[in-house]
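Just structure05.pdb here, PDB, C-alpha atoms:
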```
ATOM      1  CA  MET A 145      71.556 139.772  79.613  1.00  0.00           C
ATOM      2  CA  GLY A 146      75.178 140.731  80.187  1.00  0.00           C
ATOM      3  CA  LYS A 147      76.667 142.844  82.909  1.00  0.00           C
ATOM      4  CA  LEU A 148      76.056 146.572  82.670  1.00  0.00           C
ATOM      5  CA  THR A 149      79.190 148.578  81.928  1.00  0.00           C
ATOM      6  CA  GLN A 150      79.992 151.853  83.639  1.00  0.00           C
ATOM      7  CA  SER A 151      79.480 153.774  80.388  1.00  0.00           C
ATOM      8  CA  GLN A 152      76.078 152.104  79.845  1.00  0.00           C
ATOM      9  CA  PHE A 153      75.116 152.983  83.405  1.00  0.00           C
ATOM     10  CA  GLU A 154      76.189 156.608  82.962  1.00  0.00           C
ATOM     11  CA  ALA A 155      74.288 156.856  79.653  1.00  0.00           C
ATOM     12  CA  ALA A 156      71.158 155.508  81.347  1.00  0.00           C
ATOM     13  CA  VAL A 157      71.488 158.052  84.159  1.00  0.00           C
ATOM     14  CA  GLN A 158      71.839 160.853  81.584  1.00  0.00           C
ATOM     15  CA  ARG A 159      68.713 159.634  79.731  1.00  0.00           C
ATOM     16  CA  GLY A 160      66.832 159.537  83.023  1.00  0.00           C
ATOM     17  CA  ASP A 161      67.944 163.038  83.975  1.00  0.00           C
ATOM     18  CA  ARG A 162      66.932 164.309  80.522  1.00  0.00           C
ATOM     19  CA  ASP A 163      63.512 162.668  80.797  1.00  0.00           C
ATOM     20  CA  LEU A 164      62.962 164.149  84.264  1.00  0.00           C
ATOM     21  CA  ALA A 165      63.780 167.602  82.918  1.00  0.00           C
ATOM     22  CA  THR A 166      61.879 167.491  79.623  1.00  0.00           C
ATOM     23  CA  LYS A 167      59.012 164.986  79.617  1.00  0.00           C
ATOM     24  CA  PRO A 168      55.593 165.762  81.082  1.00  0.00           C
ATOM     25  CA  ARG A 169      55.102 164.403  84.596  1.00  0.00           C
ATOM     26  CA  ALA A 170      52.247 164.473  87.064  1.00  0.00           C
ATOM     27  CA  ARG A 171      52.663 166.318  90.356  1.00  0.00           C
ATOM     28  CA  ALA A 172      49.108 165.477  91.467  1.00  0.00           C
ATOM     29  CA  VAL A 173      46.094 163.674  90.030  1.00  0.00           C
ATOM     30  CA  ARG A 174      42.464 163.401  91.052  1.00  0.00           C
ATOM     31  CA  TYR A 175      39.058 162.384  89.759  1.00  0.00           C
ATOM     32  CA  ASP A 176      36.529 165.236  89.704  1.00  0.00           C
ATOM     33  CA  ARG A 177      33.074 163.715  90.265  1.00  0.00           C
ATOM     34  CA  SER A 178      31.266 166.902  89.246  1.00  0.00           C
ATOM     35  CA  THR A 179      32.780 166.893  85.736  1.00  0.00           C
ATOM     36  CA  GLY A 180      33.629 163.206  85.332  1.00  0.00           C
ATOM     37  CA  GLN A 181      37.185 164.159  84.481  1.00  0.00           C
ATOM     38  CA  ILE A 182      40.613 162.980  85.476  1.00  0.00           C
ATOM     39  CA  VAL A 183      42.571 166.130  86.386  1.00  0.00           C
ATOM     40  CA  ILE A 184      46.353 166.024  86.191  1.00  0.00           C
ATOM     41  CA  ASP A 185      48.505 168.770  87.692  1.00  0.00           C
ATOM     42  CA  LEU A 186      51.826 168.712  85.863  1.00  0.00           C
ATOM     43  CA  VAL A 187      55.187 169.576  87.404  1.00  0.00           C
ATOM     44  CA  SER A 188      55.381 172.422  84.867  1.00  0.00           C
ATOM     45  CA  GLY A 189      52.399 174.106  86.539  1.00  0.00           C
ATOM     46  CA  ALA A 190      50.001 173.272  83.710  1.00  0.00           C
ATOM     47  CA  VAL A 191      46.763 171.408  84.397  1.00  0.00           C
ATOM     48  CA  PHE A 192      45.297 168.819  82.015  1.00  0.00           C
ATOM     49  CA  ALA A 193      41.813 167.320  82.312  1.00  0.00           C
ATOM     50  CA  LEU A 194      39.981 164.742  80.239  1.00  0.00           C
ATOM     51  CA  PRO A 195      36.826 162.646  80.565  1.00  0.00           C
ATOM     52  CA  ALA A 196      37.497 159.348  82.320  1.00  0.00           C
ATOM     53  CA  THR A 197      35.095 157.622  79.915  1.00  0.00           C
ATOM     54  CA  LEU A 198      37.604 158.139  77.070  1.00  0.00           C
ATOM     55  CA  LEU A 199      40.317 156.097  78.761  1.00  0.00           C
ATOM     56  CA  GLN A 200      40.952 152.409  78.197  1.00  0.00           C
ATOM     57  CA  GLY A 201      40.138 150.435  81.299  1.00  0.00           C
ATOM     58  CA  LEU A 202      38.206 153.287  82.899  1.00  0.00           C
ATOM     59  CA  GLU A 203      35.197 153.469  80.563  1.00  0.00           C
ATOM     60  CA  HIS A 204      32.846 151.651  82.956  1.00  0.00           C
ATOM     61  CA  ALA A 205      34.534 152.346  86.293  1.00  0.00           C
ATOM     62  CA  SER A 206      32.641 153.721  89.263  1.00  0.00           C
ATOM     63  CA  ALA A 207      33.456 157.095  90.785  1.00  0.00           C
ATOM     64  CA  GLU A 208      34.908 155.283  93.809  1.00  0.00           C
ATOM     65  CA  GLN A 209      37.235 153.274  91.562  1.00  0.00           C
ATOM     66  CA  LEU A 210      38.287 156.349  89.575  1.00  0.00           C
ATOM     67  CA  GLU A 211      39.166 158.195  92.770  1.00  0.00           C
ATOM     68  CA  GLN A 212      41.741 155.516  93.598  1.00  0.00           C
ATOM     69  CA  VAL A 213      44.233 156.853  91.039  1.00  0.00           C
ATOM     70  CA  GLU A 214      47.922 156.945  91.948  1.00  0.00           C
ATOM     71  CA  ILE A 215      50.941 158.591  90.381  1.00  0.00           C
ATOM     72  CA  ALA A 216      53.531 156.033  89.286  1.00  0.00           C
ATOM     73  CA  GLY A 217      57.024 156.057  87.845  1.00  0.00           C
ATOM     74  CA  ALA A 218      58.270 159.454  89.091  1.00  0.00           C
ATOM     75  CA  GLY A 219      55.157 161.101  87.669  1.00  0.00           C
ATOM     76  CA  PHE A 220      55.365 159.598  84.190  1.00  0.00           C
ATOM     77  CA  ALA A 221      52.305 157.370  84.629  1.00  0.00           C
ATOM     78  CA  LEU A 222      48.929 157.026  86.331  1.00  0.00           C
ATOM     79  CA  HIS A 223      47.812 153.763  87.926  1.00  0.00           C
ATOM     80  CA  TRP A 224      44.475 152.368  89.109  1.00  0.00           C
ATOM     81  CA  GLU A 225      45.255 149.219  91.121  1.00  0.00           C
ATOM     82  CA  GLU A 226      41.702 147.846  91.389  1.00  0.00           C
ATOM     83  CA  LEU A 227      41.077 148.412  87.676  1.00  0.00           C
ATOM     84  CA  ASP A 228      44.512 147.114  86.639  1.00  0.00           C
ATOM     85  CA  ALA A 229      44.846 150.196  84.440  1.00  0.00           C
ATOM     86  CA  ASP A 230      47.992 152.164  83.667  1.00  0.00           C
ATOM     87  CA  LEU A 231      48.312 155.154  81.351  1.00  0.00           C
ATOM     88  CA  THR A 232      51.284 157.389  80.602  1.00  0.00           C
ATOM     89  CA  VAL A 233      51.039 161.125  81.127  1.00  0.00           C
ATOM     90  CA  GLU A 234      52.924 161.757  77.885  1.00  0.00           C
ATOM     91  CA  GLY A 235      50.496 159.497  75.988  1.00  0.00           C
ATOM     92  CA  LEU A 236      47.428 161.213  77.439  1.00  0.00           C
ATOM     93  CA  LEU A 237      48.788 164.633  76.503  1.00  0.00           C
ATOM     94  CA  ALA A 238      49.394 163.328  72.969  1.00  0.00           C
ATOM     95  CA  GLY A 239      45.812 162.073  72.697  1.00  0.00           C
ATOM     96  CA  ARG A 240      46.598 158.375  73.218  1.00  0.00           C
ATOM     97  CA  PHE A 241      43.891 157.135  75.565  1.00  0.00           C
ATOM     98  CA  GLY A 242      44.830 153.459  75.344  1.00  0.00           C
ATOM     99  CA  SER A 243      46.470 150.930  73.062  1.00  0.00           C
ATOM    100  CA  ALA A 244      46.530 151.427  69.286  1.00  0.00           C
ATOM    101  CA  ARG A 245      43.899 148.692  68.970  1.00  0.00           C
ATOM    102  CA  TYR A 246      41.661 150.388  71.551  1.00  0.00           C
ATOM    103  CA  MET A 247      42.034 153.739  69.820  1.00  0.00           C
ATOM    104  CA  ALA A 248      41.148 152.277  66.410  1.00  0.00           C
ATOM    105  CA  GLU A 249      38.143 150.400  67.831  1.00  0.00           C
ATOM    106  CA  ARG A 250      36.944 153.377  69.865  1.00  0.00           C
ATOM    107  CA  PHE A 251      37.647 156.222  67.452  1.00  0.00           C
ATOM    108  CA  GLY A 252      37.532 154.475  64.098  1.00  0.00           C
ATOM    109  CA  ALA A 253      39.891 153.041  61.555  1.00  0.00           C
ATOM    110  CA  GLY A 254      40.861 156.569  60.512  1.00  0.00           C
ATOM    111  CA  TRP A 255      42.645 157.107  63.810  1.00  0.00           C
ATOM    112  CA  ASP A 256      46.315 157.435  62.963  1.00  0.00           C
ATOM    113  CA  SER A 257      48.450 155.671  65.558  1.00  0.00           C
ATOM    114  CA  GLU A 258      51.681 156.835  63.921  1.00  0.00           C
ATOM    115  CA  ALA A 259      50.638 160.477  64.108  1.00  0.00           C
ATOM    116  CA  ALA A 260      50.049 160.091  67.842  1.00  0.00           C
ATOM    117  CA  GLU A 261      53.455 158.537  68.503  1.00  0.00           C
TER     118      GLU A 261
END
```
Step by step, read the file and then write its structure as structure tokens.
Amino acid sequence: MGKLTQSQFEAAVQRGDRDLATKPRARAVRYDRSTGQIVIDLVSGAVFALPATLLQGLEHASAEQLEQVEIAGAGFALHWEELDADLTVEGLLAGRFGSARYMAERFGAGWDSEAAE
């Protein structure tokens, strides 16, 4: 890979600033044992919750493992170190609970990966 030019650097900074301002990001995240849901507090003030059993890599995790969730990438992703699982906040909000293959296997061949992009 070649050296990054000043204009490429500035364009990347602008893209990053735009993403920080417009894309959904987590402010806080937790596992709620009473409901079995992952609860994401977004920087916008909205709250999003979904069953942990829907998520690739978390389907068979224990409550203790699910509680070990961390926010990654400036709030753009969630990470479970012990489970080696990473999911994007934007993907979860769009109904993508794992890879396209996982979604098709879990939810059927009729699941439209392009519609969820």
Checklist line | Å distance separating CA of Ala221 (chain A) from CA of Asp163 (chain A), one decimal place | finding: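 These atoms are spaced 13.0 Å apart.
Here CA of Leu199 (chain A) is placed at a distance of 6.2 Å from CA of Gly242 (chain A).
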Provide an axis-aligned box for all listed atoms of region 218-223 of chain A, padding each side by 5 Å; report its centre and its edge lengths in Å to one decimal, as lines of an AutoDock Vina configuration file.
```
center_x = 53.0
center_y = 157.4
center_z = 86.6
size_x = 20.5
size_y = 17.3
size_z = 14.9
```
Note to self: For the PyMOL selection byres ((chain A and resi 237) around 10), applied here, can you spell out every residue it catches as a PyMOL selection string?
What the structure shows: chain A and resi 168+192-194+232-236+238-241+260
Next item on the list: Taking the file as shown, find all residues satisfying the PyMOL selection byres ((chain A and resi 201-205) around 12) and write them as a PyMOL selection string.
Entry: chain A and resi 175+180-182+194-200+206-213+222-231+241-243+246+250
Item checked: Pairwise distance for CA of Arg171 (chain A) and CA of Gly189 (chain A), rounded to one decimal in Å ->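 Atom-to-atom, CA of Arg171 (chain A) and CA of Gly189 (chain A) are spaced 8.7 Å apart.
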Check: Which polymer residues have any atom within 9 Å of an atom of Asp185 (chain A), counting only C-alpha atoms, with same-chain residues fewer than 5 positions away left out, as a VMD selection string?
Finding: chain A and resid 169 to 174 190 to 193
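For the structure in this document, the set picked by the PyMOL selection byres ((chain A and resi 166) around 12) is Arg159, Gly160, Asp161, Arg162, Asp163, Leu164, Ala165, Lys167, Pro168, Arg169, Leu186, Val187, Ser188, Phe220 and Glu234 of chain A.
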